[in-house]
Structure formats: structure tokens, C-alpha cells
Amino acid sequence: MVTEQAKLRAEELGVADRVGFIHGDAAGYVADEKVGVAACLGATWIGGGVVGTIELLAQSLNTGGIILIGEPYWLKLPPTEDVAKGCLAGSISDFLMLPWLLASFGKLDYDVVEMVLADQDGWDRYEAAKWLTMRRWLDANPDDDFAKDVRAQLTSEPERYATYTREYLGWGVFALMAR
Ligand SMILES: C[S@@+](CC[C@H](N)C(=O)[O-])C[C@H]1O[C@@H](n2cnc3c(N)ncnc32)[C@H](O)[C@@H]1O
């Protein structure tokens with residue numbers, strides 16, 4: 001189902017002959033053939049954090065290849081652990097401020113060779129799209145077992161997002177090359 005949707009989208013974009021999809025658990029996944037670019041965009045728990053995910057991706061990478069890591073960072077340090085939890089982080093220590101995150105790549109002996117950072121408008125597009133999706137799903141599935149949970153989430157999410165994530169959390173994709 002997921003790979004079918006991905007294939008349809010690839011066809012829409014005219015790139016179906018250039019991509020393949022594997023649907024599975026990325027934790028511990030190493031490509032059969034080494035690649036020029038290995039990416040994990042927003043799921044660094046697959047390697048137990050940024051360090052483990054870089055180590056995992058490096059196992060699939062050609063010498064001189066590029067690793068892309070998508071990871072949140074603190075725009076400003078949460079004043080309390082409750083604020084960090086409001087951002088859906090486990091604790092303040094889950095993420096770093098941007099300069100420290102960049103420095104941490106250097107400590108792993110990687111050069112940061114490019115980065116693309118989300119701005120607030122980009123965050124808004126990402127989060128608000130989920131609200132419309134939830135609303136449409138609720139309208140179409142009022143009697144589903146999950147309807148109560150989705151209703152509660154849609155009711156609380158805009159305020160939670162504006163109070164916490166939008167103010168405190170940044171997100172970026174970082175391109176890394178081993179030194
Ligand atoms: C925070 S989202 C980021 C997705 C995408 N990069 C984006 O910008 O929308 C994390 C994604 O990783 C997927 N994911 C979570 N754990 C995974 C795992 N162990 N193996 C493969 N995919 C996983 C989730 O289903 C979700 O689609």
C-alpha cells in the first residue's frame with residue numbers, strides 16, 4: 001500500500017524509472033550495494049540518536065559519499081522540562097542548539113558541507129497540513145475506533161504547536177562528508 005502510493009507519486013513526478021522503494025524497518029538497514037548519498041530525514045531513532053544513525057548510514061556509503069541527516073535543534077533553550085515535553089521532546093537533553101549540533105558533527109570527524117533549515121512558515125505548512133488531514137479523516141470516519149483520539153488531537157494541536165514547537169524547535173537537513 002505505502003509502496004504503491006510512492007510509485008504513483010514517482011510516476012506523477014516523472015521519475016518512476018529512476019527510483020525504487022523498499023518498505024521496511026530502517027533500524028539496522030544496510031544497503032546491498034554502496035550508495036553515493038545515504039539519508040535519514042527525521043527518524044534518527046533508527047540508530048538510537050544522531051551518532052548511531054550516522055554510523056548506520058556510513059555502512060551503506062561509498063568513500064566520498066554524502067550523508068543527509070534531518071534533525072531538530074533548539075531555537076532557544078526551553079526554560080523547563082515541561083516546555084521541552086510541550087515540544088514533544090522527551091527532555092531538554094534530546095536536542096542541541098544549532099551551533100552545538102553543527103559542532104557535534106565535527107567531533108564525529110565529518111565536515112558539514114550544506115544545510116537547509118526549516119523556517120517558521122515551513123514548519124507551519126508541515127504541521128497545519130496534518131490538521132486538515134485529521135479534519136477530513138474525522139469527517140469521513142466518524143465511527144472509527146480512533147475517532148475520539150484524533151478529535152482530541154485536532155482540538156489541542158494548533159495551540160500546543162503555537163505555544164511550544166513553533167517557538168522553541170528548529171529543524172534542518174545537514175549534508176555531511178567524512179574527513
Ligand atoms: C518525522 S517523520 C519524517 C518524515 C519525512 N522526512 C517528512 O519530512 O515528512 C518520520 C518518518 O519515519 C518513519 N519511520 C519511523 N520509524 C521508522 C523505522 N524504524 N523504519 C522506517 N521508517 C520509520 C515514520 O513512519 C515517518 O514517516
# chains A, B, ... in the order shown; residues from 1 in each chain; ligands from 1
>>> closest_atom_pairs(of="range 116-175 of chain A", to="range 98-103 of chain A", cutoff="12 Å", atoms="only C-alpha atoms", output="JSON lines")
{"residue": "A:Leu117", "atom": "CA", "partner": "A:Leu98", "partner_atom": "CA", "distance": 10.0}
{"residue": "A:Tyr168", "atom": "CA", "partner": "A:Leu98", "partner_atom": "CA", "distance": 11.8}
{"residue": "A:Leu169", "atom": "CA", "partner": "A:Leu98", "partner_atom": "CA", "distance": 10.2}
{"residue": "A:Gly170", "atom": "CA", "partner": "A:Leu98", "partner_atom": "CA", "distance": 8.3}
{"residue": "A:Trp171", "atom": "CA", "partner": "A:Leu98", "partner_atom": "CA", "distance": 9.2}
{"residue": "A:Gly172", "atom": "CA", "partner": "A:Leu98", "partner_atom": "CA", "distance": 9.1}
{"residue": "A:Val173", "atom": "CA", "partner": "A:Leu102", "partner_atom": "CA", "distance": 11.1}
{"residue": "A:Phe174", "atom": "CA", "partner": "A:Leu102", "partner_atom": "CA", "distance": 8.6}
{"residue": "A:Ala175", "atom": "CA", "partner": "A:Leu102", "partner_atom": "CA", "distance": 10.6}
>>> select_by_dssp(residues="range 3-144 of chain A", states="strand (DSSP E or B)", output="ChimeraX atom specification")
/A:35-41,61-74,97,110-117
>>> residues_near_ligand(ligand="ligand 1", cutoff="10 Å", atoms="only C-alpha atoms and all ligand atoms", output="list in words")
Ile22, His23, Gly24, Asp25, Ala26, Ala27, Gly28, Tyr29, Ala39, Cys40, Leu41, Gly42, Ala43, Thr44, Trp45, Ile46, Gly47, Ile69, Gly70, Glu71, Pro72, Tyr126, Glu127, Trp171 and Val173 of chain A
>>> select_by_dssp(residues="chain A", states="helix (DSSP H, G or I)", output="ChimeraX atom specification")
/A:2-12,16-18,44-47,50-58,81-86,92-94,98-107,120-140,147-168
>>> atom_distance(atom1="CA of Tyr110 in chain A", atom2="CA of Leu61 in chain A")
13.5 Å
>>> closest_atom_pairs(of="range 18-128 of chain A", to="range 6-10 of chain A", cutoff="9 Å", atoms="only C-alpha atoms", output="Markdown table")
| residue | atom | partner | partner_atom | distance |
| --- | --- | --- | --- | --- |
| A:Arg18 | CA | A:Ala10 | CA | 8.8 |
| A:Val19 | CA | A:Ala10 | CA | 7.6 |
| A:Gly20 | CA | A:Lys7 | CA | 8.1 |
| A:Phe21 | CA | A:Ala6 | CA | 7.4 |
>>> closest_residue(among="A:Asp32, A:Thr155, A:Ala140, A:Arg160", to="Ala84 in chain A", atoms="only C-alpha atoms")
A:Arg160
>>> residues_around(residues="range 75-83 of chain A", least_positions_apart="5", cutoff="10 Å", atoms="only C-alpha atoms", output="list of chain:residue names")
A:Leu88, A:Ala89, A:Gly90, A:Ser91, A:Ile92, A:Ser93, A:Phe95, A:Leu96, A:Met97, A:Leu98, A:Thr163, A:Tyr164, A:Thr165, A:Arg166, A:Glu167, A:Tyr168, A:Leu169, A:Gly170, A:Trp171
>>> atom_distance(atom1="CA of Ala129 in chain A", atom2="CA of Glu11 in chain A")
22.8 Å
>>> decode(residues="range 128-147 of chain A", atoms="N, CA, C and O atoms", output="JSON list (two decimals), in the first residue's frame")
[["chain", "number", "residue", "atom", "x", "y", "z"],
["A", 128, "ALA", "N", 0.34, 22.29, 9.87],
["A", 128, "ALA", "CA", -1.06, 22.60, 9.58],
["A", 128, "ALA", "C", -1.64, 21.62, 8.57],
["A", 128, "ALA", "O", -2.84, 21.33, 8.61],
["A", 129, "ALA", "N", -0.80, 21.08, 7.69],
["A", 129, "ALA", "CA", -1.30, 20.09, 6.73],
["A", 129, "ALA", "C", -1.86, 18.88, 7.48],
["A", 129, "ALA", "O", -2.83, 18.25, 7.03],
["A", 130, "LYS", "N", -1.29, 18.57, 8.64],
["A", 130, "LYS", "CA", -1.80, 17.43, 9.42],
["A", 130, "LYS", "C", -3.18, 17.73, 9.98],
["A", 130, "LYS", "O", -4.02, 16.83, 10.11],
["A", 131, "TRP", "N", -3.44, 19.01, 10.33],
["A", 131, "TRP", "CA", -4.74, 19.36, 10.91],
["A", 131, "TRP", "C", -5.85, 19.15, 9.87],
["A", 131, "TRP", "O", -6.90, 18.61, 10.19],
["A", 132, "LEU", "N", -5.58, 19.61, 8.66],
["A", 132, "LEU", "CA", -6.60, 19.43, 7.61],
["A", 132, "LEU", "C", -6.80, 17.94, 7.32],
["A", 132, "LEU", "O", -7.93, 17.47, 7.14],
["A", 133, "THR", "N", -5.70, 17.19, 7.33],
["A", 133, "THR", "CA", -5.80, 15.74, 7.10],
["A", 133, "THR", "C", -6.65, 15.09, 8.19],
["A", 133, "THR", "O", -7.52, 14.26, 7.91],
["A", 134, "MET", "N", -6.40, 15.49, 9.45],
["A", 134, "MET", "CA", -7.17, 14.92, 10.56],
["A", 134, "MET", "C", -8.65, 15.29, 10.43],
["A", 134, "MET", "O", -9.54, 14.45, 10.63],
["A", 135, "ARG", "N", -8.92, 16.56, 10.09],
["A", 135, "ARG", "CA", -10.32, 17.01, 9.99],
["A", 135, "ARG", "C", -11.06, 16.23, 8.89],
["A", 135, "ARG", "O", -12.18, 15.77, 9.08],
["A", 136, "ARG", "N", -10.40, 16.08, 7.75],
["A", 136, "ARG", "CA", -11.05, 15.35, 6.64],
["A", 136, "ARG", "C", -11.25, 13.88, 7.00],
["A", 136, "ARG", "O", -12.27, 13.29, 6.67],
["A", 137, "TRP", "N", -10.26, 13.31, 7.70],
["A", 137, "TRP", "CA", -10.39, 11.91, 8.11],
["A", 137, "TRP", "C", -11.55, 11.75, 9.09],
["A", 137, "TRP", "O", -12.33, 10.80, 8.98],
["A", 138, "LEU", "N", -11.67, 12.69, 10.03],
["A", 138, "LEU", "CA", -12.77, 12.64, 11.01],
["A", 138, "LEU", "C", -14.12, 12.73, 10.33],
["A", 138, "LEU", "O", -15.06, 12.01, 10.67],
["A", 139, "ASP", "N", -14.21, 13.64, 9.34],
["A", 139, "ASP", "CA", -15.48, 13.78, 8.63],
["A", 139, "ASP", "C", -15.85, 12.48, 7.90],
["A", 139, "ASP", "O", -17.01, 12.12, 7.83],
["A", 140, "ALA", "N", -14.83, 11.79, 7.40],
["A", 140, "ALA", "CA", -15.08, 10.57, 6.62],
["A", 140, "ALA", "C", -15.22, 9.33, 7.51],
["A", 140, "ALA", "O", -15.79, 8.32, 7.07],
["A", 141, "ASN", "N", -14.67, 9.39, 8.75],
["A", 141, "ASN", "CA", -14.65, 8.19, 9.60],
["A", 141, "ASN", "C", -15.15, 8.47, 11.02],
["A", 141, "ASN", "O", -14.47, 8.17, 12.01],
["A", 142, "PRO", "N", -16.37, 9.03, 11.16],
["A", 142, "PRO", "CA", -16.81, 9.47, 12.50],
["A", 142, "PRO", "C", -16.95, 8.32, 13.50],
["A", 142, "PRO", "O", -16.83, 8.54, 14.70],
["A", 143, "ASP", "N", -17.15, 7.09, 13.00],
["A", 143, "ASP", "CA", -17.38, 5.98, 13.93],
["A", 143, "ASP", "C", -16.17, 5.08, 14.10],
["A", 143, "ASP", "O", -16.25, 4.02, 14.73],
["A", 144, "ASP", "N", -15.05, 5.49, 13.56],
["A", 144, "ASP", "CA", -13.83, 4.68, 13.68],
["A", 144, "ASP", "C", -13.37, 4.62, 15.15],
["A", 144, "ASP", "O", -13.59, 5.56, 15.92],
["A", 145, "ASP", "N", -12.71, 3.51, 15.51],
["A", 145, "ASP", "CA", -12.21, 3.35, 16.88],
["A", 145, "ASP", "C", -11.25, 4.48, 17.29],
["A", 145, "ASP", "O", -11.15, 4.83, 18.47],
["A", 146, "PHE", "N", -10.53, 5.04, 16.31],
["A", 146, "PHE", "CA", -9.54, 6.08, 16.61],
["A", 146, "PHE", "C", -10.15, 7.49, 16.60],
["A", 146, "PHE", "O", -9.45, 8.47, 16.88],
["A", 147, "ALA", "N", -11.45, 7.61, 16.25],
["A", 147, "ALA", "CA", -12.03, 8.94, 16.04],
["A", 147, "ALA", "C", -11.90, 9.82, 17.28],
["A", 147, "ALA", "O", -11.60, 11.01, 17.18]]
